[in-house]
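Dropping coords-v8.txt in here (compact mmCIF, C-alpha atoms and all ligand atoms):
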# COMPACT_ATOMS: atom_id res chain seq x y z
CA MET A 1 -15.48 14.31 -10.10
CA LYS A 2 -12.19 15.55 -11.65
CA GLU A 3 -10.32 13.26 -9.27
CA LYS A 4 -12.43 10.26 -10.27
CA ILE A 5 -11.73 10.95 -13.95
CA LEU A 6 -7.99 11.31 -13.27
CA PHE A 7 -7.92 7.99 -11.43
CA PHE A 8 -9.87 6.19 -14.16
CA LYS A 9 -7.58 7.70 -16.83
CA GLY A 10 -4.58 6.47 -14.81
CA PHE A 11 -6.11 2.99 -14.78
CA LEU A 12 -6.70 3.00 -18.54
CA GLU A 13 -3.10 4.06 -19.18
CA GLN A 14 -1.37 1.81 -16.63
CA GLN A 15 -3.76 -1.00 -15.72
CA GLU A 16 -1.11 -3.32 -14.23
CA THR A 17 0.29 -0.81 -11.76
CA VAL A 18 -2.85 1.22 -10.95
CA GLY A 19 -4.81 -2.02 -10.53
CA SER A 20 -8.23 -0.49 -9.86
CA VAL A 21 -10.80 1.65 -11.68
CA CYS A 22 -11.43 4.00 -8.78
CA ALA A 23 -9.85 5.17 -5.55
CA THR A 24 -10.67 3.50 -2.24
CA SER A 25 -13.63 4.69 -0.18
CA ARG A 26 -13.35 6.68 3.06
CA TRP A 27 -14.35 3.53 5.01
CA ALA A 28 -11.51 1.61 3.37
CA ALA A 29 -9.09 4.47 4.08
CA LYS A 30 -10.15 4.45 7.73
CA ALA A 31 -9.54 0.71 8.04
CA MET A 32 -6.10 1.12 6.42
CA CYS A 33 -5.21 3.73 9.06
CA GLU A 34 -6.65 1.91 12.09
CA PRO A 35 -3.23 1.00 13.63
CA ILE A 36 -2.04 4.61 13.21
CA ALA A 37 -5.22 5.93 14.84
CA GLN A 38 -4.69 3.61 17.83
CA SER A 39 -0.99 4.37 18.30
CA LYS A 40 0.15 6.38 21.30
CA LYS A 41 3.77 6.52 20.11
CA LYS A 42 5.28 9.93 19.26
CA PRO A 43 6.86 10.97 16.98
CA LEU A 44 5.65 8.70 14.17
CA ASN A 45 7.36 8.03 10.87
CA ILE A 46 4.89 6.79 8.28
CA LEU A 47 5.46 5.49 4.75
CA GLU A 48 2.58 5.38 2.27
CA VAL A 49 3.20 3.41 -0.90
CA GLY A 50 0.90 3.92 -3.89
CA PRO A 51 -1.12 6.90 -2.59
CA GLY A 52 -2.69 7.42 -6.04
CA THR A 53 -4.88 10.52 -5.88
CA GLY A 54 -4.68 10.64 -2.07
CA SER A 55 -7.78 8.95 -0.69
CA VAL A 56 -5.83 7.14 2.04
CA THR A 57 -3.35 10.02 2.43
CA LYS A 58 -6.21 12.29 3.50
CA GLU A 59 -7.02 9.87 6.36
CA ILE A 60 -3.35 9.49 7.38
CA LEU A 61 -3.01 13.27 7.58
CA LYS A 62 -5.77 13.40 10.20
CA HIS A 63 -3.46 11.49 12.55
CA LEU A 64 -0.20 13.25 11.66
CA GLY A 65 1.01 15.17 14.72
CA PRO A 66 3.40 18.16 14.71
CA SER A 67 6.55 16.05 15.12
CA ASP A 68 5.46 13.16 12.85
CA SER A 69 6.62 12.60 9.27
CA LEU A 70 5.01 11.06 6.20
CA LEU A 71 6.80 9.84 3.08
CA LEU A 72 4.66 9.21 0.01
CA CYS A 73 5.99 6.97 -2.75
CA GLU A 74 4.03 7.07 -6.02
CA LEU A 75 4.99 5.76 -9.45
CA ASN A 76 2.44 7.58 -11.61
CA SER A 77 3.52 11.14 -12.48
CA SER A 78 -0.05 12.42 -13.05
CA PHE A 79 -1.00 11.22 -9.57
CA VAL A 80 2.11 12.87 -8.09
CA GLU A 81 1.19 16.14 -9.79
CA HIS A 82 -2.35 15.86 -8.42
CA LEU A 83 -1.03 15.18 -4.89
CA GLN A 84 1.27 18.19 -5.10
CA LYS A 85 -1.73 20.35 -6.04
CA ARG A 86 -3.71 19.00 -3.09
CA PHE A 87 -0.85 19.98 -0.74
CA LEU A 88 -1.05 23.51 -2.16
CA ASN A 89 -4.79 23.97 -2.44
CA GLU A 90 -6.66 21.90 0.15
CA ALA A 91 -6.60 23.14 3.73
CA ASP A 92 -6.31 19.72 5.44
CA PHE A 93 -3.40 18.81 3.15
CA ARG A 94 -1.74 22.25 3.19
CA GLU A 95 -1.58 22.54 6.97
CA LYS A 96 0.59 19.40 7.20
CA ARG A 97 2.72 19.77 4.09
CA ASP A 98 5.93 20.64 6.00
CA ARG A 99 5.86 17.09 7.47
CA VAL A 100 5.39 15.35 4.12
CA ASP A 101 7.85 14.28 1.39
CA ILE A 102 6.87 12.84 -1.97
CA PHE A 103 9.08 10.38 -3.85
CA GLU A 104 8.08 9.94 -7.50
CA GLY A 105 9.09 6.48 -8.64
CA ALA A 106 8.82 2.78 -7.90
CA VAL A 107 9.07 1.67 -4.29
CA GLN A 108 11.77 -0.77 -5.44
CA ASP A 109 13.96 2.28 -6.24
CA LEU A 110 13.32 4.12 -3.00
CA THR A 111 16.31 4.51 -0.69
CA LEU A 112 14.96 4.34 2.82
CA ASP A 113 16.98 6.49 5.16
CA ARG A 114 14.76 6.25 8.23
CA LYS A 115 12.84 3.55 10.10
CA PHE A 116 9.07 3.56 9.78
CA ASP A 117 6.53 2.87 12.52
CA PHE A 118 3.74 2.31 10.01
CA ILE A 119 3.66 1.39 6.34
CA VAL A 120 0.39 1.85 4.46
CA CYS A 121 0.55 0.10 1.12
CA SER A 122 -1.97 0.06 -1.73
CA LEU A 123 0.11 -1.78 -4.33
CA PRO A 124 -1.83 -4.15 -6.62
CA PHE A 125 0.17 -7.28 -5.73
CA LEU A 126 -2.19 -9.47 -7.81
CA ASN A 127 -0.56 -7.97 -10.90
CA PHE A 128 3.05 -8.36 -9.77
CA PRO A 129 5.44 -11.32 -10.14
CA VAL A 130 5.55 -13.11 -6.77
CA SER A 131 9.32 -12.63 -6.60
CA LEU A 132 8.79 -8.84 -6.73
CA THR A 133 6.08 -9.00 -4.06
CA HIS A 134 8.48 -10.91 -1.80
CA GLU A 135 11.25 -8.40 -2.48
CA ILE A 136 8.93 -5.52 -1.56
CA PHE A 137 7.78 -7.19 1.68
CA ARG A 138 11.43 -7.90 2.60
CA ASN A 139 12.31 -4.26 2.00
CA PHE A 140 9.35 -3.15 4.09
CA ALA A 141 10.47 -5.41 6.93
CA ALA A 142 13.99 -3.97 6.73
CA ALA A 143 12.64 -0.40 6.66
CA GLY A 144 10.35 -0.88 9.64
CA THR A 145 10.99 -0.50 13.34
CA GLU A 146 10.64 -3.65 15.48
CA GLU A 147 7.01 -2.66 16.15
CA CYS A 148 6.25 -1.64 12.55
CA ILE A 149 2.77 -2.52 11.31
CA LEU A 150 2.05 -2.71 7.61
CA THR A 151 -1.46 -2.44 6.20
CA PHE A 152 -2.41 -3.42 2.68
CA TYR A 153 -5.60 -4.51 0.97
CA GLU A 154 -6.86 -7.09 -1.44
CA TYR A 155 -10.16 -7.08 -3.34
CA ILE A 156 -12.25 -9.86 -1.79
CA GLY A 157 -12.50 -12.90 -4.03
CA PHE A 158 -10.22 -11.62 -6.81
CA ARG A 159 -7.26 -13.85 -5.91
CA THR A 160 -9.48 -16.93 -5.59
CA LEU A 161 -11.24 -16.16 -8.85
CA GLY A 162 -7.96 -15.44 -10.65
CA ARG A 163 -6.51 -18.79 -9.51
CA ASN A 164 -9.32 -20.59 -11.30
CA VAL A 165 -10.28 -18.45 -14.30
CA GLY A 166 -8.29 -16.62 -16.97
CA PRO A 167 -4.92 -17.00 -18.72
CA SER A 168 -2.75 -19.83 -17.37
CA GLU A 169 0.20 -17.50 -16.64
CA ARG A 170 -2.02 -15.43 -14.31
CA ARG A 171 -3.62 -18.50 -12.73
CA GLU A 172 -0.21 -19.99 -11.92
CA ARG A 173 1.08 -16.69 -10.58
CA LEU A 174 -1.92 -16.29 -8.27
CA ILE A 175 -1.54 -19.87 -7.04
CA ASP A 176 2.10 -19.02 -6.21
CA LEU A 177 1.00 -15.76 -4.53
CA SER A 178 -1.54 -17.65 -2.38
CA ARG A 179 1.17 -20.14 -1.36
CA TYR A 180 3.42 -17.22 -0.48
CA TYR A 181 0.71 -15.53 1.62
CA VAL A 182 0.03 -18.82 3.45
CA LYS A 183 3.63 -18.54 4.72
CA LEU A 184 3.80 -14.75 5.07
CA PHE A 185 0.60 -14.09 7.04
CA PRO A 186 1.37 -16.35 10.05
CA VAL A 187 4.95 -15.07 10.44
CA CYS A 188 3.57 -11.52 10.48
CA LYS A 189 0.67 -12.39 12.82
CA SER A 190 -1.71 -11.07 10.20
CA GLU A 191 -5.17 -9.79 11.11
CA THR A 192 -7.91 -9.05 8.59
CA GLU A 193 -10.74 -6.54 8.52
CA ARG A 194 -13.31 -6.71 5.74
CA VAL A 195 -14.68 -3.45 4.34
CA TRP A 196 -17.88 -3.88 2.35
CA LEU A 197 -18.43 -0.18 1.55
CA ASN A 198 -15.90 -0.01 -1.26
CA VAL A 199 -15.90 -0.62 -5.02
CA THR A 200 -15.36 -3.56 -4.77
CA PRO A 201 -15.24 -4.84 -1.12
CA ILE A 202 -11.76 -5.31 0.29
CA ALA A 203 -9.92 -7.29 2.94
CA VAL A 204 -7.53 -4.99 4.81
CA ARG A 205 -4.58 -6.97 6.17
CA GLN A 206 -2.53 -5.78 9.14
CA LEU A 207 0.91 -7.38 9.26
CA ARG A 208 3.36 -7.09 12.16
CA ILE A 209 6.16 -6.84 9.63
CA GLY A 210 8.76 -5.37 12.00
CA GLU A 211 8.71 -8.45 14.23
CA ALA A 212 9.02 -10.75 11.22
CA LYS A 213 12.24 -9.35 9.69
CA ASN A 214 14.26 -12.55 9.97
CA ALA A 215 11.37 -14.92 9.29
CA ILE A 216 10.54 -13.19 5.99
CA ASP A 217 14.03 -13.93 4.65
CA GLY A 218 13.28 -17.62 5.07
CA ILE A 219 10.02 -17.73 3.10
CA ALA A 220 11.15 -16.70 -0.38
CA PRO A 221 8.81 -18.09 -3.03
CA ALA A 222 10.29 -20.92 -5.12
CA ALA A 223 10.19 -18.69 -8.23
CA THR A 224 12.92 -16.44 -6.86
CA PHE A 225 15.56 -19.22 -6.88
C1 LIG A 301 -4.80 0.46 -6.36
S1 LIG A 301 -4.04 2.05 -6.60
C2 LIG A 301 -4.32 2.70 -4.98
C3 LIG A 301 -4.46 4.19 -4.93
C4 LIG A 301 -4.92 4.78 -3.59
N1 LIG A 301 -4.03 4.48 -2.50
C5 LIG A 301 -6.28 4.29 -3.22
O1 LIG A 301 -6.37 3.46 -2.32
O2 LIG A 301 -7.23 4.72 -3.84
C6 LIG A 301 -2.32 1.59 -6.60
C7 LIG A 301 -1.36 2.74 -6.65
O3 LIG A 301 -0.02 2.22 -6.54
C8 LIG A 301 0.82 2.89 -7.47
N2 LIG A 301 1.96 1.98 -7.75
C9 LIG A 301 1.92 0.82 -8.46
N3 LIG A 301 3.12 0.23 -8.46
C10 LIG A 301 3.94 1.02 -7.72
C11 LIG A 301 5.31 0.92 -7.33
N4 LIG A 301 6.07 -0.11 -7.72
N5 LIG A 301 5.82 1.89 -6.55
C12 LIG A 301 5.05 2.95 -6.14
N6 LIG A 301 3.75 3.09 -6.49
C13 LIG A 301 3.20 2.14 -7.27
C14 LIG A 301 -0.08 3.15 -8.66
O4 LIG A 301 0.42 4.15 -9.51
C15 LIG A 301 -1.38 3.53 -7.95
O5 LIG A 301 -1.41 4.89 -7.66
Output the structure of this file as structure tokens.
Amino acid sequence: MKEKILFFKGFLEQQETVGSVCATSRWAAKAMCEPIAQSKKKPLNILEVGPGTGSVTKEILKHLGPSDSLLLCELNSSFVEHLQKRFLNEADFREKRDRVDIFEGAVQDLTLDRKFDFIVCSLPFLNFPVSLTHEIFRNFAAAGTEECILTFYEYIGFRTLGRNVGPSERRERLIDLSRYYVKLFPVCKSETERVWLNVTPIAVRQLRIGEAKNAIDGIAPAATF
């Protein structure tokens, strides 16, 4: 319950960056970690961006082997503090804490010194300028191995609704974001899994971002020029 209140408080204080009133469900977390669960590669380097209070982190940790590493990047200091407490107090977090680093700050400011096999991202791209979204995807592609798979989610229907209803600045931005995704998803051979048991239902996208390094450079949204 405390965790739910902390998340909701985080949303009230930083709506644009937290982007949701509650953390993702365990079914959503499982879908986000599906490529990690299926991987036979060892050791694994995993980056999680926007872990919040740790709902997806908990699922990632289940798959983290003795020689694997996990880097968490979280902007919100209250969430970072909460994560640190979980790594001290909860057995399934504590037993893996020597393989985990936490970076407090924006992913745009993160210096990536290793290549990642998987990137699990919960950023609320609907609230970001499209130029920033493109920059983040480019950085992910550069930080990934050739086989790197990125997972991220979108709330089903929100982008479509936002393109048609609401302030014109937001409508135009979401139209631009949709145009960007129309180019991004095919170059990353995107696959989608829908998770209905979540508030609200989400589409989890798997992107083969590592293979698309060069192609992503060529699809910058018009707004970035
Ligand atoms: C929608 S919440 C997801 C939280 C959690 N992963 C979950 O699924 O319940 C988005 C998270 O991304 C974080 N965030 C937003 N912008 C960020 C940025 N530029 N860099 C790092 N984290 C960011 C927010 O603070 C928040 O914790």
Using all atoms listed in the file, which residues of the polymer chains come no farther than 6 Å from ligand LIG 301 (chain A)? I'd like the answer as a PyMOL selection string. chain A and resi 17-20+23-24+49-52+55-56+73-76+105-107+122-124
Between atom CA of A:Leu44 and atom CA of A:Ala31, distance in Å (one decimal):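 Straight-line distance from atom CA of A:Leu44 to atom CA of A:Ala31 works out to 18.2 Å.
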What is the atom CA of A:Ala28-atom CA of A:Asp101 distance in Å, reported with one decimal? 23.2 Å
Quick one: everything within 12 Å of A:Glu59, counting all atoms listed in the file, minus sequence neighbours fewer than 5 positions away in the same chain. Send it as an MDAnalysis selection string. chainID A and resid 24:34 36:37 48 51 54 64 92:93 120
Find the spatial neighbours of stretch 186-188 of chain A, counting all atoms listed in the file, within a cut-off of 6 Å - ignore same-chain residues fewer than 5 positions away - and output them as a list of chain:residue names.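 Once the nearby chain positions are removed, what remains is A:Leu207, A:Arg208, A:Ile209, A:Ala212.
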Once you have the residues from the selection above, write them out as a compact mmCIF listing (two decimals), keeping the file's coordinate frame, restricted to C-alpha atoms.
# COMPACT_ATOMS: atom_id res chain seq x y z
CA LEU A 207 0.91 -7.38 9.26
CA ARG A 208 3.36 -7.09 12.16
CA ILE A 209 6.16 -6.84 9.63
CA ALA A 212 9.02 -10.75 11.22
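With all atoms listed in the file as the atoms that count, the residue of A:Gly210, A:Pro221, A:Pro201, A:Gly10 with the shortest distance to A:Ser78 is A:Gly10.
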Rank A:Leu126, A:Pro43, A:Glu193, A:Cys148 by their smallest atom-to-atom distance to A:Arg173, using only C-alpha atoms, and report the top residue only.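 Of all the options, A:Leu126 lies closest to A:Arg173.
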Length of the atom CA of A:Asp113 to atom CA of A:Phe152 vector [Å]: 21.9 Å
If you count only C-alpha atoms, the residue of A:Val130, A:Ile136, A:Ala143, A:Met1 closest to A:Ile175 turns out to be A:Val130
Which neighbours of A:Leu6 fall inside 10 Å, counting only C-alpha atoms, when residues of the same chain fewer than 6 positions from it are skipped, and could you give them as a ChimeraX atom specification? /A:12,22,52-53,78-79,82
Selected residue of minimal separation from A:Phe128 among A:Glu146, A:Glu95, A:Glu169, A:Glu90, counting only C-alpha atoms: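 Selected residue with least distance to A:Phe128: A:Glu169.
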